[in-house]
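A.B. asks: Before we start, here is the structure in question, set down as structure tokens.
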Amino acid sequence: MLTYTLRRLLMLIPVLLGMALIVFFIIHAIPGDPAQIILGQQATEENVEALNEQLGLNEPLYVQFFSYLGNILTGDLGESFQTNNAISEEVWPFLAATIELSFVAMLIAIVIGVNAGIISAWFQNSWFDYSAMLLALIGVSIPIFWLGLMEQWAFSVELNWLPSSGRENVRDPVEPITHLFLIDTLIQGRLDQFVDVVRHLILPSVALATIPMAIIARITRSSMLEVMKSDYIRTARAKGMRMFGVVYKHSLKNAVIPVLTIIGLQTGLLLGGAILTETIFSWPGIGRYIYGAIDARDYPVIQSGVLIVATMFIFINLIVDLLYAAVDPRIKYH
Amino acid sequence: MTSILQVKGLKTTFFTDEGNIPAVDDIDFHLDEGEILGIVGESGCGKSVTSLSIMGLVPNPPGKITDGSITFQEEDLTKASEKRMREIRGNEISMIFQEPMTSLNPLFTIGNQLIEAVKLHEKVSKQKALHRVIEMLKVVGLPRAEEMVNEYPHQLSGGMRQRVMIAMAFICNPKILIADEPTTALDVTIQAQILHQMKELNRKRNTAVMLITHDLGVVAEVCTRVIVMYCGQIIEQADVNTIFQSPKHPYTIGLLQSVPDIREKRSRLFSIKGNVPKPGSIQKGCRFAGRCEQAHDRCFAEDPPLYKGDGQGHQVRCFLHESIEEAHHVEDTITSP
Ligand SMILES: Nc1ncnc2c1ncn2[C@@H]1O[C@H](COP(=O)(O)OP(=O)(O)OP(=O)(O)O)[C@@H](O)[C@H]1O
Ligand code: SF4
Ligand SMILES: [Mg+2]
């Protein structure tokens, strides 16, 4: 398992390099002159030229790429054109907000989705199965922004149960330590704030969880149905095992691989899709950070933001691959 | 000798979209303590469904035991609760399946799966269970038992896996073993070893064995009594010698002729013309009539009951054997081709 993990880590190097290259060229393909935008419409030709020189934007592209590569390898993501702050320092609060939201959303999606899929397969063609699958069908077809708006209308406006936007109570803000507020409030023993953070998380995370939950439920069900027909399941029953053990021990472990694949993919998509949810729920996450940067042609921020999200995507895939090997002893031997 | 299992009027039906399939249709038989009973018949005749009915593992839906009783030590299993059936499965009645390659869970070690079999029925520590497992693996002729418990099924050959299955079936000392074509998927030398192993355990532990097969060679090798099934029914049953020396039912005779005989060096195997009819497709008359060379008008109009044959416990479902005298006469004419 250790050598397998090391091998997989080594294989990441070319992937990450390729990704950096793609991100770099895509960003440079965005039309618009950044120096012009930074300086505004009134800037003189000379001033623009001077700034381009200063930012290194006049160098040939490949030179720019290698200096960029050198910088990111040393952890230097450059400075924001807008704020002049180091991006590597500035980005974390946004990233933490997105990670917290995505994590909670995926947790909801996995716990409910996987169990709904299992029970649907176990009691195939029961009323539970029919209603769960109908809900899942609705879940995959609902547009997220519509669901988000409906949630806000129902639970914030009409019922006034939950806050409709933001991550915290602005009149009593969380003292950031890790910027993961669930953790910060617990460290500080501020249970009132913890509850408040949870209340802020509910609506956006449910909106974000809906599609992955529906997809996970469907994949789990079909995968479980397939596995439960197999001979070794009959063997487990012939041993005198109860259905619960047959389902949750013998079947689930075999059915989990396609489910893991879909969880990995959906987590990646979730990071991409967070921008929409973050906008609807005014969530100060990485999606909003990048969105603002695109508006301002803030190249370094766009580039770093995309790079961070893409890197997370790659690492999620790595984790999924390692989990495959942890579940299935046959994988390491191929 | 006392019967440990008594099956009476058992009917198991599958309710499918294409209609009801009476896969097992009113069968009666008994299994004596410590004997090896063979059940033979072509594919689809209901052998597996019979054994799954006894185990209470008929896939439901679509299948269901619709009639009859299965008496195991004075207890009717068709009326037993699921909880009681769980206590019986693997502990009092064990089962081995045809496919050793797929019958073990690929994601758990051999040790894990065998220890589980012990711990489901006995309150013992994991250490003790492991000890038992290693011992049992050695009993079934797996010498590397200590290492094998940490290995996964894909690391073993088909023959080794089937031995593991036998070990799993015997580990709680069951009173009955149902072996559903345990050697069909294995090559001949391994087949002989596995059969020998089962016979050994049957002898040493006095476990009654129901051996399902379509290989009459296997039957001749290990069984004491034979049941021949056709299309969900028992069409002949007798002790091994009677079946091989004086078979009565035209189908049994056909089956015996389809066994390759090395001495005669026939290039082509004799086989019975036509296909096994789907259970439920024949509403009236003898189910073999469409393929039987001796079929006459009555065979298409009436269901033949089981008649007594000449040996003890010999039964045959054919109008030609309404009386034994007639039977001998006809038999001569049909065995010479
Ligand atoms: N799950 C099922 N659904 C519908 N019909 C079934 C099902 N399982 C078995 N049957 C029916 O029961 C009949 C008997 O099947 P069974 O598996 O007992 O045959 P078998 O004698 O064991 O054959 P084989 O030698 O191929 O194993 C088949 O003809 C089939 O039509
Ligand atoms: S009853 Fe008739 S059809 Fe059936 S086996 Fe006997 S002779 Fe053949
Ligand atoms: Mg079968």
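Just remember, in the structure tokens the first chain shown is A, the second B, etc., residues are 1-based per chain, and ligands are 1-based in the order shown.
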Could you tell me which residues of chain B sit within 6 Å of chain A when counting only C-alpha atoms, and give me the result as a list in words?
C.D. replies: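 Taking only C-alpha atoms into account, Arg86, Arg89, Gly90, Thr102, Ser103, Leu104, Asn105, Leu107 and Ala117 of chain B sit within 6 Å of chain A.
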A.B. asks: Write a file of the selected residues as an mmCIF file, in the first residue's frame, keeping N, CA and C atoms.
C.D. replies:
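Below is the file that was written, selection_10.cif:
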```cif
data_model
loop_
_atom_site.group_PDB
_atom_site.id
_atom_site.type_symbol
_atom_site.label_atom_id
_atom_site.label_comp_id
_atom_site.auth_asym_id
_atom_site.auth_seq_id
_atom_site.Cartn_x
_atom_site.Cartn_y
_atom_site.Cartn_z
ATOM 1 N N ARG B 86 -31.906 -18.832 10.106
ATOM 2 C CA ARG B 86 -30.515 -18.360 10.194
ATOM 3 C C ARG B 86 -29.705 -19.237 11.130
ATOM 4 N N ARG B 89 -29.050 -22.520 9.048
ATOM 5 C CA ARG B 89 -28.129 -22.372 7.912
ATOM 6 C C ARG B 89 -26.678 -22.302 8.377
ATOM 7 N N GLY B 90 -25.848 -23.120 7.752
ATOM 8 C CA GLY B 90 -24.427 -23.060 8.070
ATOM 9 C C GLY B 90 -24.072 -23.779 9.350
ATOM 10 N N THR B 102 -16.484 -17.870 -7.807
ATOM 11 C CA THR B 102 -17.245 -16.678 -7.436
ATOM 12 C C THR B 102 -17.993 -16.832 -6.114
ATOM 13 N N SER B 103 -17.823 -17.989 -5.457
ATOM 14 C CA SER B 103 -18.607 -18.217 -4.241
ATOM 15 C C SER B 103 -17.993 -17.594 -2.994
ATOM 16 N N LEU B 104 -16.751 -17.153 -3.108
ATOM 17 C CA LEU B 104 -16.133 -16.478 -1.964
ATOM 18 C C LEU B 104 -16.075 -14.984 -2.253
ATOM 19 N N ASN B 105 -16.277 -14.190 -1.212
ATOM 20 C CA ASN B 105 -16.250 -12.745 -1.386
ATOM 21 C C ASN B 105 -14.822 -12.289 -1.703
ATOM 22 N N LEU B 107 -13.309 -9.533 -1.561
ATOM 23 C CA LEU B 107 -12.718 -8.425 -0.810
ATOM 24 C C LEU B 107 -12.401 -8.751 0.650
ATOM 25 N N ALA B 117 -18.021 -17.561 9.697
ATOM 26 C CA ALA B 117 -18.912 -18.726 9.705
ATOM 27 C C ALA B 117 -18.983 -19.351 11.097
#
```
A.B. asks: Mind listing the residues within 10 Å of ligand 1, only C-alpha atoms and all ligand atoms counted, as a ChimeraX atom specification?
C.D. replies: /A:229 /B:12-24,39-53,58-63,97-98,180-181,184,212-214,229-232,276-280
A.B. asks: Based on DSSP run over this structure's backbone, return all residues of region 87-311 of chain A in helix (DSSP H, G or I), as an MDAnalysis selection string.
C.D. replies: chainID A and resid 87:90 92:122 127:141 144:158 181:187 191:228 231:238 243:280 286:295 299:311
A.B. asks: Between A:Ile87, A:Ala132, A:Val259, A:Leu107, which has the minimum distance to Asp298 (chain A) (counting only C-alpha atoms)?
C.D. replies: A:Ile87
A.B. asks: Which is closest to ligand 3 among B:Ile93, B:Leu211, B:Ala145, B:Cys318, if we use only C-alpha atoms and all ligand atoms?
C.D. replies: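 With only C-alpha atoms and all ligand atoms as the atom set, the closest residue is B:Leu211.
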A.B. asks: Pick out the residues sitting within 9 Å of Ala105 (chain A), and hand them over as a PyMOL selection string; count only C-alpha atoms, and ignore anything fewer than 6 positions along from it in its own chain.
C.D. replies: chain A and resi 201-202+204-210+212+270
A.B. asks: Write the selection just made, keeping N, CA and C atoms, as a compact mmCIF listing (two decimals), in the first residue's frame?
C.D. replies:
```
# COMPACT_ATOMS: atom_id res chain seq x y z
N LEU A 201 -24.92 27.28 7.38
CA LEU A 201 -24.47 26.27 6.41
C LEU A 201 -25.63 25.48 5.80
N ILE A 202 -26.74 25.37 6.53
CA ILE A 202 -27.77 24.41 6.11
C ILE A 202 -28.30 24.67 4.69
N PRO A 204 -27.28 26.60 1.98
CA PRO A 204 -26.39 26.42 0.82
C PRO A 204 -25.89 24.98 0.67
N SER A 205 -25.62 24.31 1.81
CA SER A 205 -25.07 22.96 1.65
C SER A 205 -26.14 22.00 1.14
N VAL A 206 -27.38 22.18 1.54
CA VAL A 206 -28.44 21.32 1.01
C VAL A 206 -28.61 21.57 -0.49
N ALA A 207 -28.58 22.84 -0.89
CA ALA A 207 -28.70 23.14 -2.32
C ALA A 207 -27.57 22.48 -3.08
N LEU A 208 -26.37 22.60 -2.53
CA LEU A 208 -25.19 22.05 -3.20
C LEU A 208 -25.20 20.52 -3.17
N ALA A 209 -25.80 19.93 -2.14
CA ALA A 209 -25.77 18.47 -1.98
C ALA A 209 -26.78 17.76 -2.86
N THR A 210 -27.81 18.48 -3.30
CA THR A 210 -28.94 17.81 -3.95
C THR A 210 -28.53 16.94 -5.14
N PRO A 212 -25.43 15.83 -6.25
CA PRO A 212 -24.58 14.66 -5.93
C PRO A 212 -25.34 13.59 -5.14
N LEU A 270 -18.60 19.83 -7.70
CA LEU A 270 -19.13 20.66 -6.63
C LEU A 270 -18.28 21.91 -6.47
```
A.B. asks: Kindly work out which residues sit at most 10 Å from ligand 2, using only C-alpha atoms and all ligand atoms, and give the list as JSON, numbers by chain.
C.D. replies: {"B": [235, 248, 249, 250, 251, 252, 285, 286, 287, 288, 289, 290, 291, 292, 293, 294, 295, 296, 297, 298, 299, 300, 301, 302, 303, 304, 305, 316, 317, 318, 319, 320, 321, 322, 330]}
A.B. asks: At a cut-off of 9 Å, using only C-alpha atoms, what residues contact Ala96 (chain A)? Leave out same-chain residues fewer than 3 positions from it and give the result as a VMD selection string.
C.D. replies: chain A and resid 91 to 93 99 to 101 178 to 181 285 to 286
A.B. asks: Which is closer to Gln303 (chain A) than all the others in A:Glu79, A:Glu89, A:Glu226, A:Glu168, using only C-alpha atoms?
C.D. replies: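 Smallest separation from Gln303 (chain A) among the options: A:Glu79.
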A.B. asks: Restricting the calculation to only C-alpha atoms: of B:Met148, B:Gly309, B:Phe170, B:Gly38, which residue gets closest to Glu200 (chain B)?
C.D. replies: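 Ranked by minimum distance to Glu200 (chain B), first place goes to B:Phe170.
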A.B. asks: Find the distance between CA of Asn112 (chain B) and CA of Trp122 (chain A) and write it in Å to one decimal.
C.D. replies: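 CA of Trp122 (chain A) lies 23.7 Å from CA of Asn112 (chain B).
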A.B. asks: Using only C-alpha atoms, pick whichever of A:Thr279, A:Thr220, A:Thr261, A:Gln54 has the shortest atom-to-atom distance to Met133 (chain A).
C.D. replies: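 Nearest to Met133 (chain A): A:Thr220.
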A.B. asks: I'd like the interatomic distance between CA of His196 (chain B) and CA of Val222 (chain B), to a tenth of an Å.
C.D. replies: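 Rounded to one decimal, the two atoms are 8.3 Å apart.
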A.B. asks: Extract, using only C-alpha atoms, all DNA, RNA and protein residues at most 12 Å from Ile319 (chain A), discarding same-chain residues fewer than 4 positions from it, and format them as a PDB file with all heavy atoms, in the first residue's frame.
C.D. replies:
```
ATOM      1  N   THR A   5       1.084   4.019  -2.908  1.00  0.00           N
ATOM      2  CA  THR A   5       0.818   5.430  -2.658  1.00  0.00           C
ATOM      3  C   THR A   5       1.945   6.297  -3.213  1.00  0.00           C
ATOM      4  O   THR A   5       1.703   7.295  -3.902  1.00  0.00           O
ATOM      5  CB  THR A   5       0.682   5.686  -1.144  1.00  0.00           C
ATOM      6  OG1 THR A   5      -0.235   4.734  -0.616  1.00  0.00           O
ATOM      7  CG2 THR A   5       0.187   7.082  -0.861  1.00  0.00           C
ATOM      8  N   ARG A   8       1.784   6.459  -6.941  1.00  0.00           N
ATOM      9  CA  ARG A   8       0.710   7.356  -7.382  1.00  0.00           C
ATOM     10  C   ARG A   8       1.110   8.819  -7.199  1.00  0.00           C
ATOM     11  O   ARG A   8       0.788   9.670  -8.021  1.00  0.00           O
ATOM     12  CB  ARG A   8      -0.587   7.072  -6.634  1.00  0.00           C
ATOM     13  CG  ARG A   8      -1.248   5.746  -6.970  1.00  0.00           C
ATOM     14  CD  ARG A   8      -1.499   5.588  -8.451  1.00  0.00           C
ATOM     15  NE  ARG A   8      -1.992   6.805  -9.065  1.00  0.00           N
ATOM     16  CZ  ARG A   8      -3.158   6.914  -9.651  1.00  0.00           C
ATOM     17  NH1 ARG A   8      -3.952   5.903  -9.722  1.00  0.00           N
ATOM     18  NH2 ARG A   8      -3.529   8.054 -10.173  1.00  0.00           N
ATOM     19  N   LEU A   9       1.838   9.116  -6.129  1.00  0.00           N
ATOM     20  CA  LEU A   9       2.266  10.490  -5.888  1.00  0.00           C
ATOM     21  C   LEU A   9       3.251  10.941  -6.964  1.00  0.00           C
ATOM     22  O   LEU A   9       3.162  12.053  -7.483  1.00  0.00           O
ATOM     23  CB  LEU A   9       2.883  10.613  -4.496  1.00  0.00           C
ATOM     24  CG  LEU A   9       1.877  10.774  -3.356  1.00  0.00           C
ATOM     25  CD1 LEU A   9       2.567  10.657  -2.007  1.00  0.00           C
ATOM     26  CD2 LEU A   9       1.144  12.116  -3.460  1.00  0.00           C
ATOM     27  N   LEU A  12       1.802  12.006 -10.115  1.00  0.00           N
ATOM     28  CA  LEU A  12       1.110  13.298 -10.095  1.00  0.00           C
ATOM     29  C   LEU A  12       1.945  14.414 -10.707  1.00  0.00           C
ATOM     30  O   LEU A  12       1.403  15.388 -11.213  1.00  0.00           O
ATOM     31  CB  LEU A  12       0.780  13.693  -8.649  1.00  0.00           C
ATOM     32  CG  LEU A  12      -0.486  13.136  -8.046  1.00  0.00           C
ATOM     33  CD1 LEU A  12      -0.744  13.835  -6.729  1.00  0.00           C
ATOM     34  CD2 LEU A  12      -1.666  13.353  -8.980  1.00  0.00           C
ATOM     35  N   LEU A 260     -17.502   5.293  -5.213  1.00  0.00           N
ATOM     36  CA  LEU A 260     -16.332   6.144  -4.950  1.00  0.00           C
ATOM     37  C   LEU A 260     -16.004   7.001  -6.164  1.00  0.00           C
ATOM     38  O   LEU A 260     -15.708   8.188  -6.046  1.00  0.00           O
ATOM     39  CB  LEU A 260     -15.113   5.278  -4.613  1.00  0.00           C
ATOM     40  CG  LEU A 260     -15.016   4.724  -3.207  1.00  0.00           C
ATOM     41  CD1 LEU A 260     -13.760   3.877  -3.079  1.00  0.00           C
ATOM     42  CD2 LEU A 260     -14.960   5.874  -2.213  1.00  0.00           C
ATOM     43  N   THR A 261     -16.041   6.368  -7.345  1.00  0.00           N
ATOM     44  CA  THR A 261     -15.736   7.103  -8.570  1.00  0.00           C
ATOM     45  C   THR A 261     -16.652   8.309  -8.688  1.00  0.00           C
ATOM     46  O   THR A 261     -16.211   9.429  -8.949  1.00  0.00           O
ATOM     47  CB  THR A 261     -15.966   6.192  -9.800  1.00  0.00           C
ATOM     48  OG1 THR A 261     -15.312   4.964  -9.562  1.00  0.00           O
ATOM     49  CG2 THR A 261     -15.445   6.836 -11.058  1.00  0.00           C
ATOM     50  N   ILE A 263     -18.376   9.755  -6.368  1.00  0.00           N
ATOM     51  CA  ILE A 263     -18.177  10.725  -5.290  1.00  0.00           C
ATOM     52  C   ILE A 263     -17.009  11.648  -5.642  1.00  0.00           C
ATOM     53  O   ILE A 263     -17.092  12.867  -5.492  1.00  0.00           O
ATOM     54  CB  ILE A 263     -17.938  10.013  -3.942  1.00  0.00           C
ATOM     55  CG1 ILE A 263     -19.241   9.391  -3.448  1.00  0.00           C
ATOM     56  CG2 ILE A 263     -17.407  11.003  -2.889  1.00  0.00           C
ATOM     57  CD1 ILE A 263     -19.102   8.585  -2.171  1.00  0.00           C
ATOM     58  N   GLY A 264     -15.921  11.064  -6.167  1.00  0.00           N
ATOM     59  CA  GLY A 264     -14.769  11.875  -6.559  1.00  0.00           C
ATOM     60  C   GLY A 264     -15.152  12.897  -7.616  1.00  0.00           C
ATOM     61  O   GLY A 264     -14.875  14.092  -7.496  1.00  0.00           O
ATOM     62  N   LEU A 265     -15.829  12.409  -8.654  1.00  0.00           N
ATOM     63  CA  LEU A 265     -16.229  13.302  -9.744  1.00  0.00           C
ATOM     64  C   LEU A 265     -17.146  14.400  -9.248  1.00  0.00           C
ATOM     65  O   LEU A 265     -16.996  15.570  -9.596  1.00  0.00           O
ATOM     66  CB  LEU A 265     -16.993  12.491 -10.809  1.00  0.00           C
ATOM     67  CG  LEU A 265     -16.146  11.845 -11.877  1.00  0.00           C
ATOM     68  CD1 LEU A 265     -17.019  10.999 -12.788  1.00  0.00           C
ATOM     69  CD2 LEU A 265     -15.442  12.932 -12.683  1.00  0.00           C
ATOM     70  N   THR A 267     -17.449  15.590  -6.238  1.00  0.00           N
ATOM     71  CA  THR A 267     -16.758  16.565  -5.390  1.00  0.00           C
ATOM     72  C   THR A 267     -16.069  17.601  -6.269  1.00  0.00           C
ATOM     73  O   THR A 267     -16.115  18.798  -5.997  1.00  0.00           O
ATOM     74  CB  THR A 267     -15.729  15.868  -4.489  1.00  0.00           C
ATOM     75  OG1 THR A 267     -16.359  14.748  -3.893  1.00  0.00           O
ATOM     76  CG2 THR A 267     -15.224  16.798  -3.409  1.00  0.00           C
ATOM     77  N   MET A 312      -6.919  20.869  -6.304  1.00  0.00           N
ATOM     78  CA  MET A 312      -7.796  20.144  -5.398  1.00  0.00           C
ATOM     79  C   MET A 312      -8.484  18.995  -6.132  1.00  0.00           C
ATOM     80  O   MET A 312      -8.596  17.880  -5.618  1.00  0.00           O
ATOM     81  CB  MET A 312      -8.847  21.096  -4.805  1.00  0.00           C
ATOM     82  CG  MET A 312      -8.264  21.957  -3.688  1.00  0.00           C
ATOM     83  SD  MET A 312      -9.348  23.301  -3.211  1.00  0.00           S
ATOM     84  CE  MET A 312     -10.725  22.422  -2.530  1.00  0.00           C
ATOM     85  N   PHE A 313      -8.923  19.279  -7.348  1.00  0.00           N
ATOM     86  CA  PHE A 313      -9.568  18.245  -8.165  1.00  0.00           C
ATOM     87  C   PHE A 313      -8.636  17.041  -8.339  1.00  0.00           C
ATOM     88  O   PHE A 313      -9.022  15.892  -8.148  1.00  0.00           O
ATOM     89  CB  PHE A 313      -9.915  18.845  -9.528  1.00  0.00           C
ATOM     90  CG  PHE A 313     -10.905  18.052 -10.310  1.00  0.00           C
ATOM     91  CD1 PHE A 313     -12.247  18.381 -10.293  1.00  0.00           C
ATOM     92  CD2 PHE A 313     -10.503  16.966 -11.069  1.00  0.00           C
ATOM     93  CE1 PHE A 313     -13.174  17.643 -11.011  1.00  0.00           C
ATOM     94  CE2 PHE A 313     -11.420  16.224 -11.784  1.00  0.00           C
ATOM     95  CZ  PHE A 313     -12.755  16.565 -11.759  1.00  0.00           C
ATOM     96  N   ILE A 314      -7.375  17.336  -8.668  1.00  0.00           N
ATOM     97  CA  ILE A 314      -6.410  16.259  -8.890  1.00  0.00           C
ATOM     98  C   ILE A 314      -6.179  15.466  -7.604  1.00  0.00           C
ATOM     99  O   ILE A 314      -6.117  14.232  -7.618  1.00  0.00           O
ATOM    100  CB  ILE A 314      -5.089  16.840  -9.436  1.00  0.00           C
ATOM    101  CG1 ILE A 314      -5.305  17.293 -10.882  1.00  0.00           C
ATOM    102  CG2 ILE A 314      -3.967  15.813  -9.357  1.00  0.00           C
ATOM    103  CD1 ILE A 314      -4.146  18.058 -11.466  1.00  0.00           C
ATOM    104  N   PHE A 315      -6.104  16.162  -6.484  1.00  0.00           N
ATOM    105  CA  PHE A 315      -5.861  15.443  -5.229  1.00  0.00           C
ATOM    106  C   PHE A 315      -7.074  14.618  -4.794  1.00  0.00           C
ATOM    107  O   PHE A 315      -6.921  13.539  -4.231  1.00  0.00           O
ATOM    108  CB  PHE A 315      -5.400  16.402  -4.128  1.00  0.00           C
ATOM    109  CG  PHE A 315      -3.910  16.590  -4.171  1.00  0.00           C
ATOM    110  CD1 PHE A 315      -3.340  17.618  -4.904  1.00  0.00           C
ATOM    111  CD2 PHE A 315      -3.069  15.690  -3.522  1.00  0.00           C
ATOM    112  CE1 PHE A 315      -1.959  17.765  -4.995  1.00  0.00           C
ATOM    113  CE2 PHE A 315      -1.696  15.835  -3.598  1.00  0.00           C
ATOM    114  CZ  PHE A 315      -1.138  16.874  -4.334  1.00  0.00           C
ATOM    115  N   LEU A 323      -8.263   5.013  -2.289  1.00  0.00           N
ATOM    116  CA  LEU A 323      -9.355   4.301  -1.628  1.00  0.00           C
ATOM    117  C   LEU A 323      -9.713   3.018  -2.383  1.00  0.00           C
ATOM    118  O   LEU A 323      -9.990   1.992  -1.774  1.00  0.00           O
ATOM    119  CB  LEU A 323     -10.590   5.201  -1.515  1.00  0.00           C
ATOM    120  CG  LEU A 323     -10.529   6.276  -0.428  1.00  0.00           C
ATOM    121  CD1 LEU A 323     -11.771   7.154  -0.476  1.00  0.00           C
ATOM    122  CD2 LEU A 323     -10.405   5.642   0.956  1.00  0.00           C
ATOM    123  N   TYR A 324      -9.694   3.082  -3.720  1.00  0.00           N
ATOM    124  CA  TYR A 324      -9.937   1.852  -4.500  1.00  0.00           C
ATOM    125  C   TYR A 324      -9.021   0.752  -4.008  1.00  0.00           C
ATOM    126  O   TYR A 324      -9.431  -0.370  -3.764  1.00  0.00           O
ATOM    127  CB  TYR A 324      -9.574   2.043  -5.977  1.00  0.00           C
ATOM    128  CG  TYR A 324     -10.470   2.893  -6.818  1.00  0.00           C
ATOM    129  CD1 TYR A 324     -10.015   3.366  -8.043  1.00  0.00           C
ATOM    130  CD2 TYR A 324     -11.759   3.209  -6.426  1.00  0.00           C
ATOM    131  CE1 TYR A 324     -10.798   4.152  -8.856  1.00  0.00           C
ATOM    132  CE2 TYR A 324     -12.554   3.992  -7.233  1.00  0.00           C
ATOM    133  CZ  TYR A 324     -12.070   4.461  -8.443  1.00  0.00           C
ATOM    134  OH  TYR A 324     -12.841   5.231  -9.249  1.00  0.00           O
ATOM    135  N   ALA A 325      -7.737   1.097  -3.933  1.00  0.00           N
ATOM    136  CA  ALA A 325      -6.739   0.097  -3.573  1.00  0.00           C
ATOM    137  C   ALA A 325      -6.942  -0.377  -2.140  1.00  0.00           C
ATOM    138  O   ALA A 325      -6.693  -1.532  -1.821  1.00  0.00           O
ATOM    139  CB  ALA A 325      -5.339   0.657  -3.747  1.00  0.00           C
ATOM    140  N   ALA A 326      -7.419   0.531  -1.285  1.00  0.00           N
ATOM    141  CA  ALA A 326      -7.643   0.123   0.097  1.00  0.00           C
ATOM    142  C   ALA A 326      -8.827  -0.842   0.188  1.00  0.00           C
ATOM    143  O   ALA A 326      -8.837  -1.760   0.991  1.00  0.00           O
ATOM    144  CB  ALA A 326      -7.907   1.352   0.967  1.00  0.00           C
TER     145      ALA A 326
END
```
